[in-house]
Amino acid sequence: MRLLIDADLLADLEPDERPDRQFAKLEHICARNGVDLYLHPISQPSATAASAKNTLATLPGSHAPSKADIEQHFGPCSTDEGLNDATLLDAVRTKIADYVVSNDAALHALAASTELDALVFTVDDALAWALRSYELEDVPLPTVSEVAAGELEFTDPIFDELREDYAPDFDKWTRKISDDERKCWIVRVDGQLAALVIRKDETHAEAKTKHPGPDILKISTFKVAEAFRGRKLGEQLVKQILWFAQKNDYDLVYLTAYPKQKSLRLLLEAYGFVVAETRTNGEMVLEKAMVRGPVSPRQGENALAASCRSYPNFVCGAGVSKYVIPIRPAYHAMLFPEFGSAVADPAVEILGKPANTIEKVYLCHSPTKTMNPGDVILFYLSKQAGTHGSQSLTTVGVVKSVRWSNDIDEVRRWTAKRSVYPDSELIEMASRTTPLLIIDFLLVGHLTEVVPISALTARGILSSFPQSIVRIEDDAFDALKRSIDLGFEF
């Protein structure tokens with residue numbers, strides 16, 4: 001296994017910064033498990049990078065393709081930085097490397113535009129993949145809980161890190177948020193505070209945001225403890241924030257971040273946050289306008305981009321296709337552990353698995369060839385006695401990418417970032433004659449009230465129990481839409 005490290009990433013990893021410690025943890029796991037880390041010959045670390053990082057070897061078999069060859073696959077490259085980014089991506093496109101590790105937003109955007117984003121990791125993504133692949137640990141799948149700030153124990157290790165951020169006024173800050181009875185979302189693992197969001201309702205006069213509001217949700221603190229980084233808890237908290245804001249009719253969500261917080265910015269910008277202002281101290285204000293009612297793509301925007309911008313709202317008009325996907329209860333429980341009682345035993349889940357995320361991957365052997373990014377998918381839970389939602393539509397998603405393969409190594413590469421499937425099952429599924437369909441998708445939400453098969457057949461939406469992926473027409477979806485309650489208008 002080969003990870004290609006963006007040299008610009010190394011330049012950002014100053015010895016006293018926490019991302020450097022995350023990268024060091026990644027290096028140690030990779031070294032223990034025979035995963036090789038390389039640099040591309042076209043790029044070398046900045047002189048500010050730690051000297052130890054300069055010992056990374058050059059990627060074997062790599063070369064500097066001509067600009068014409070790069071632009072044939074990645075489009076015009078008007079800057080040296082753009083050409084370098086495309087050259088790194090070309091290494092995974094041609095399978096010289098398995099994955100690229102970078103926190104550069106432009107590189108991630110280019111990867112998404114060329115459908116290579118599954119092969120590009122942030123440092124946190126790479127650490128999550130390494131933990132999941134090589135150092136699995138059976139622990140309870142964490143859930144988000146709501147508490148008042150006054151209930152927090154400020155001696156918890158997560159506050160040791162926050163003390164640095166709020167120095168020298170940490171104690172004053174903790175008293176204030178406790179006295180104000182600020183609401184918090186927390187994730188605990190074995191009793192330890194693993195992740196924390198502190199929120200506050202504000203008016204536009206208080207927030208002074210670019211977007212006028214008026215109903216504004218401020219995220220005043222967003223923190224994942226260092227010991228629990230790389231476990232997708234940040235994405236779980238973003239899901240919590242945005243589902244809450246959408247269902248409670250907020251006009252805007254905003255928070256502030258510094259340039260060094262590249263992983264956080266990439267995560268937020270993937271779901272519609274934009275940098276609305278950069279203050280004189282370098283602090284950036286990231287705002288996300290919440291979209292109510294039907295979503296339509298803007299000029300030059302495709303359906304998937306519009307759904308990401310509007311998340312958890314989504315495009316579901318005539319420009320996208322709609323599909324019903326039957327899913328067995330065991331896989332439903334793995335993909336959607338927060339759905340009702342469909343989780344048979346959450347204590348056997350693995351924290352490193354991305355079951356608590358927005359982006360997921362589903363595998364099947366359906367013969368469908370018409371599905372495209374931006375299409376709407378409706379999951380139908382197959383029959384299982386005693387299971388909530390059995391033989392009903394339960395969940396809505398938006399397709400991010402669609403691929404087919406019978407090559408197990410290729411399947412592993414394309415699912416590594418999001419898979420909840422054990423490797424033994426990947427091998428078995430890839431070994432069948434029919435190509436394996438790999439669907440990357442965004443989880444939009446779960447139905448407040450499931451729609452049973454009896455209602456689906458009575459309305460002519462389905463003719464019978466779905467055995468494979470079924471495409472439904474726009475008029476059938478329009479009839480179904482009235483019964484799909486996600487907690488917001490779409």
# chains A, B, ... in the order shown; residues from 1 in each chain; ligands from 1
>>> closest_atom_pairs(of="range 134-210 of chain A", to="range 281-288 of chain A", cutoff="12 Å", atoms="only C-alpha atoms", output="tab-separated table")
residue	atom	partner	partner_atom	distance
A:Ala207	CA	A:Val285	CA	10.5
A:Lys208	CA	A:Val285	CA	10.4
A:Thr209	CA	A:Glu287	CA	7.8
A:Lys210	CA	A:Glu287	CA	8.1
>>> write_last_selection(atoms="C-alpha atoms", output="PDB file, in the first residue's frame")
ATOM      1  CA  ALA A 207     -23.640  38.044  14.926  1.00  0.00           C
ATOM      2  CA  LYS A 208     -22.779  40.794  12.413  1.00  0.00           C
ATOM      3  CA  THR A 209     -22.644  38.139   9.704  1.00  0.00           C
ATOM      4  CA  LYS A 210     -22.730  38.825   5.983  1.00  0.00           C
TER       5      LYS A 210
END
>>> select_by_dssp(residues="range 47-200 of chain A", states="helix (DSSP H, G or I)", output="PyMOL selection string")
chain A and resi 51-55+67-74+80-93+105-113+117-119+123-134+149-151+157-166+170-179
>>> write_last_selection(atoms="C-alpha atoms", output="PDB file, in the first residue's frame")
ATOM      1  CA  SER A  51      13.848  17.899   8.799  1.00  0.00           C
ATOM      2  CA  ALA A  52      12.612  14.444   9.752  1.00  0.00           C
ATOM      3  CA  LYS A  53       9.896  14.734   7.126  1.00  0.00           C
ATOM      4  CA  ASN A  54      12.515  15.183   4.438  1.00  0.00           C
ATOM      5  CA  THR A  55      13.449  11.519   4.840  1.00  0.00           C
ATOM      6  CA  LYS A  67       1.513  19.459 -19.102  1.00  0.00           C
ATOM      7  CA  ALA A  68      -0.420  18.455 -22.206  1.00  0.00           C
ATOM      8  CA  ASP A  69      -0.950  14.936 -20.867  1.00  0.00           C
ATOM      9  CA  ILE A  70      -2.050  16.273 -17.454  1.00  0.00           C
ATOM     10  CA  GLU A  71      -4.477  18.756 -18.998  1.00  0.00           C
ATOM     11  CA  GLN A  72      -5.982  16.012 -21.133  1.00  0.00           C
ATOM     12  CA  HIS A  73      -7.226  14.325 -17.953  1.00  0.00           C
ATOM     13  CA  PHE A  74      -7.622  17.235 -15.524  1.00  0.00           C
ATOM     14  CA  ASP A  80       2.217  25.819 -11.039  1.00  0.00           C
ATOM     15  CA  GLU A  81       0.207  24.870  -7.956  1.00  0.00           C
ATOM     16  CA  GLY A  82      -2.650  23.587 -10.101  1.00  0.00           C
ATOM     17  CA  LEU A  83      -0.248  21.588 -12.261  1.00  0.00           C
ATOM     18  CA  ASN A  84       1.364  20.058  -9.160  1.00  0.00           C
ATOM     19  CA  ASP A  85      -2.033  19.109  -7.727  1.00  0.00           C
ATOM     20  CA  ALA A  86      -3.062  17.457 -10.983  1.00  0.00           C
ATOM     21  CA  THR A  87       0.250  15.591 -11.166  1.00  0.00           C
ATOM     22  CA  LEU A  88      -0.304  14.141  -7.692  1.00  0.00           C
ATOM     23  CA  LEU A  89      -3.787  13.044  -8.686  1.00  0.00           C
ATOM     24  CA  ASP A  90      -2.425  11.499 -11.847  1.00  0.00           C
ATOM     25  CA  ALA A  91      -0.370   9.163  -9.675  1.00  0.00           C
ATOM     26  CA  VAL A  92      -3.539   7.670  -8.170  1.00  0.00           C
ATOM     27  CA  ARG A  93      -5.374   7.756 -11.493  1.00  0.00           C
ATOM     28  CA  ALA A 105      -8.675  22.582  -0.513  1.00  0.00           C
ATOM     29  CA  ALA A 106      -7.837  23.151  -4.189  1.00  0.00           C
ATOM     30  CA  LEU A 107      -6.465  19.619  -4.565  1.00  0.00           C
ATOM     31  CA  HIS A 108      -9.593  18.140  -2.958  1.00  0.00           C
ATOM     32  CA  ALA A 109     -11.822  20.224  -5.227  1.00  0.00           C
ATOM     33  CA  LEU A 110      -9.925  19.052  -8.302  1.00  0.00           C
ATOM     34  CA  ALA A 111     -10.212  15.450  -7.122  1.00  0.00           C
ATOM     35  CA  ALA A 112     -13.979  15.838  -6.676  1.00  0.00           C
ATOM     36  CA  SER A 113     -14.382  17.339 -10.142  1.00  0.00           C
ATOM     37  CA  ASP A 117     -12.108  12.241  -4.332  1.00  0.00           C
ATOM     38  CA  ALA A 118     -12.450   8.755  -2.813  1.00  0.00           C
ATOM     39  CA  LEU A 119      -8.685   8.392  -3.300  1.00  0.00           C
ATOM     40  CA  VAL A 123      -4.686  13.710   7.496  1.00  0.00           C
ATOM     41  CA  ASP A 124      -7.758  12.861   9.582  1.00  0.00           C
ATOM     42  CA  ASP A 125      -9.197  10.734   6.749  1.00  0.00           C
ATOM     43  CA  ALA A 126      -5.913   8.871   6.423  1.00  0.00           C
ATOM     44  CA  LEU A 127      -5.718   8.285  10.159  1.00  0.00           C
ATOM     45  CA  ALA A 128      -9.317   7.009  10.230  1.00  0.00           C
ATOM     46  CA  TRP A 129      -8.530   4.654   7.352  1.00  0.00           C
ATOM     47  CA  ALA A 130      -5.352   3.394   9.039  1.00  0.00           C
ATOM     48  CA  LEU A 131      -7.074   2.813  12.377  1.00  0.00           C
ATOM     49  CA  ARG A 132      -9.978   1.033  10.707  1.00  0.00           C
ATOM     50  CA  SER A 133      -7.790  -1.072   8.439  1.00  0.00           C
ATOM     51  CA  TYR A 134      -5.009  -2.086  10.777  1.00  0.00           C
ATOM     52  CA  ALA A 149     -22.577  23.895  29.715  1.00  0.00           C
ATOM     53  CA  GLY A 150     -22.950  23.905  33.506  1.00  0.00           C
ATOM     54  CA  GLU A 151     -23.003  20.094  33.441  1.00  0.00           C
ATOM     55  CA  PRO A 157      -8.612  16.493  29.140  1.00  0.00           C
ATOM     56  CA  ILE A 158     -10.423  18.062  26.165  1.00  0.00           C
ATOM     57  CA  PHE A 159     -10.436  21.340  28.104  1.00  0.00           C
ATOM     58  CA  ASP A 160      -6.668  21.190  28.547  1.00  0.00           C
ATOM     59  CA  GLU A 161      -6.479  21.781  24.795  1.00  0.00           C
ATOM     60  CA  LEU A 162      -9.200  24.448  24.885  1.00  0.00           C
ATOM     61  CA  ARG A 163      -7.426  26.210  27.739  1.00  0.00           C
ATOM     62  CA  GLU A 164      -4.643  27.058  25.270  1.00  0.00           C
ATOM     63  CA  ASP A 165      -7.166  28.461  22.782  1.00  0.00           C
ATOM     64  CA  TYR A 166      -8.950  30.633  25.347  1.00  0.00           C
ATOM     65  CA  PHE A 170     -10.301  30.350  30.126  1.00  0.00           C
ATOM     66  CA  ASP A 171     -11.849  30.446  33.610  1.00  0.00           C
ATOM     67  CA  LYS A 172     -13.810  33.577  32.745  1.00  0.00           C
ATOM     68  CA  TRP A 173     -15.068  31.849  29.581  1.00  0.00           C
ATOM     69  CA  THR A 174     -16.194  28.702  31.425  1.00  0.00           C
ATOM     70  CA  ARG A 175     -18.068  30.776  34.002  1.00  0.00           C
ATOM     71  CA  LYS A 176     -19.798  32.741  31.264  1.00  0.00           C
ATOM     72  CA  ILE A 177     -20.989  29.747  29.230  1.00  0.00           C
ATOM     73  CA  SER A 178     -22.181  28.067  32.443  1.00  0.00           C
ATOM     74  CA  ASP A 179     -24.045  31.171  33.651  1.00  0.00           C
TER      75      ASP A 179
END
>>> atom_distance(atom1="CA of Thr357 in chain A", atom2="CA of Phe379 in chain A")
16.6 Å
>>> closest_atom_pairs(of="range 191-234 of chain A", to="range 405-424 of chain A", cutoff="12 Å", atoms="only C-alpha atoms", output="tab-separated table")
residue	atom	partner	partner_atom	distance
A:Gly230	CA	A:Lys417	CA	11.4
A:Arg231	CA	A:Arg418	CA	11.4
A:Lys232	CA	A:Arg418	CA	10.1
>>> write_last_selection(atoms="N, CA and C atoms", output="PDB file, in the first residue's frame")
ATOM      1  N   GLY A 230      -9.456  11.323  13.927  1.00  0.00           N
ATOM      2  CA  GLY A 230      -9.368  10.249  12.953  1.00  0.00           C
ATOM      3  C   GLY A 230     -10.467   9.220  13.076  1.00  0.00           C
ATOM      4  N   ARG A 231     -11.507   9.541  13.844  1.00  0.00           N
ATOM      5  CA  ARG A 231     -12.607   8.596  14.033  1.00  0.00           C
ATOM      6  C   ARG A 231     -13.939   9.147  13.526  1.00  0.00           C
ATOM      7  N   LYS A 232     -13.890  10.181  12.706  1.00  0.00           N
ATOM      8  CA  LYS A 232     -15.065  10.749  12.047  1.00  0.00           C
ATOM      9  C   LYS A 232     -16.049  11.394  13.005  1.00  0.00           C
TER      10      LYS A 232
END
>>> closest_residue(among="A:Val144, A:Ala195, A:Arg32, A:Thr122", to="Glu226 in chain A", atoms="only C-alpha atoms")
A:Ala195
>>> closest_atom_pairs(of="range 328-430 of chain A", to="range 441-448 of chain A", cutoff="12 Å", atoms="only C-alpha atoms", output="tab-separated table")
residue	atom	partner	partner_atom	distance
A:His332	CA	A:His446	CA	11.7
A:Leu335	CA	A:Leu443	CA	9.6
A:Phe336	CA	A:His446	CA	8.9
A:Pro337	CA	A:His446	CA	11.1
A:Glu338	CA	A:His446	CA	9.1
A:Phe339	CA	A:His446	CA	7.0
A:Gly340	CA	A:His446	CA	9.4
A:Ala342	CA	A:His446	CA	11.9
A:Ala355	CA	A:Leu443	CA	10.7
A:Asn356	CA	A:Leu443	CA	10.2
A:Thr357	CA	A:Leu443	CA	8.0
A:Ile358	CA	A:Leu443	CA	5.2
A:Glu359	CA	A:Leu442	CA	4.6
A:Lys360	CA	A:Phe441	CA	5.5
A:Val361	CA	A:Phe441	CA	6.1
A:Tyr362	CA	A:Phe441	CA	7.8
A:Leu363	CA	A:Phe441	CA	11.0
A:Met371	CA	A:Phe441	CA	11.7
A:Asn372	CA	A:Phe441	CA	10.8
A:Pro373	CA	A:Phe441	CA	8.6
A:Gly374	CA	A:Phe441	CA	8.9
A:Asp375	CA	A:Phe441	CA	9.5
A:Val376	CA	A:Phe441	CA	9.3
A:Ile377	CA	A:Phe441	CA	8.6
A:Leu378	CA	A:His446	CA	9.7
A:Phe379	CA	A:His446	CA	9.5
A:Tyr380	CA	A:Leu447	CA	11.2
A:Leu381	CA	A:His446	CA	11.8
A:His388	CA	A:Leu447	CA	11.9
A:Gly389	CA	A:Leu447	CA	9.7
A:Ser392	CA	A:Leu447	CA	10.1
A:Leu393	CA	A:Leu447	CA	7.8
A:Thr394	CA	A:Leu447	CA	5.4
A:Thr395	CA	A:His446	CA	4.3
A:Val396	CA	A:Val444	CA	5.5
A:Gly397	CA	A:Leu443	CA	4.6
A:Val398	CA	A:Leu442	CA	5.1
A:Val399	CA	A:Phe441	CA	4.3
A:Lys400	CA	A:Phe441	CA	4.7
A:Ser401	CA	A:Phe441	CA	6.9
A:Val402	CA	A:Phe441	CA	8.9
A:Arg403	CA	A:Phe441	CA	11.8
A:Thr415	CA	A:Phe441	CA	11.6
A:Arg418	CA	A:Phe441	CA	9.9
A:Ser419	CA	A:Phe441	CA	11.5
>>> atom_distance(atom1="CA of Ser483 in chain A", atom2="CA of Ala270 in chain A")
29.1 Å
>>> closest_residue(among="A:Thr114, A:Ser145, A:Ser220, A:Gln384", to="Ala194 in chain A", atoms="only C-alpha atoms")
A:Ser145
>>> select_by_dssp(residues="range 309-444 of chain A", states="strand (DSSP E or B)", output="ChimeraX atom specification")
/A:322-327,350,359-364,376-381,392-405,436-444
>>> closest_residue(among="A:Val450, A:Ser468, A:Tyr258, A:Val35", to="Asp485 in chain A", atoms="only C-alpha atoms")
A:Val450
>>> closest_residue(among="A:Phe488, A:Tyr99, A:Trp185, A:Phe314", to="Leu59 in chain A", atoms="only C-alpha atoms")
A:Tyr99
>>> closest_residue(among="A:Arg188, A:Lys200, A:Lys247, A:Lys218", to="Leu486 in chain A", atoms="only C-alpha atoms")
A:Lys247
>>> residues_around(residues="Ile216 in chain A", least_positions_apart="6", cutoff="9 Å", atoms="only C-alpha atoms", output="PyMOL selection string")
chain A and resi 200-204+207+245+250-254
>>> closest_residue(among="A:Phe244, A:Phe477, A:Phe23, A:Phe465", to="Ile325 in chain A", atoms="only C-alpha atoms")
A:Phe465
>>> residues_around(residues="Gly272 in chain A", least_positions_apart="3", cutoff="9 Å", atoms="only C-alpha atoms", output="PyMOL selection string")
chain A and resi 268-269+287-290+306-311
>>> write_last_selection(atoms="C-alpha atoms", output="tab-separated table (two decimals), in the first residue's frame")
chain	number	residue	atom	x	y	z
A	268	LEU	CA	-17.37	22.46	6.54
A	269	GLU	CA	-16.92	23.70	2.98
A	287	GLU	CA	-21.23	30.93	7.10
A	288	LYS	CA	-23.78	28.48	5.78
A	289	ALA	CA	-27.18	29.70	4.65
A	290	MET	CA	-29.88	27.13	5.33
A	306	ALA	CA	-26.48	22.09	-5.26
A	307	SER	CA	-27.38	19.32	-2.81
A	308	CYS	CA	-23.99	19.62	-1.05
A	309	ARG	CA	-24.41	23.39	-0.80
A	310	SER	CA	-27.94	23.01	0.59
A	311	TYR	CA	-27.30	19.95	2.79
>>> atom_distance(atom1="CA of Pro214 in chain A", atom2="CA of Gly293 in chain A")
17.4 Å
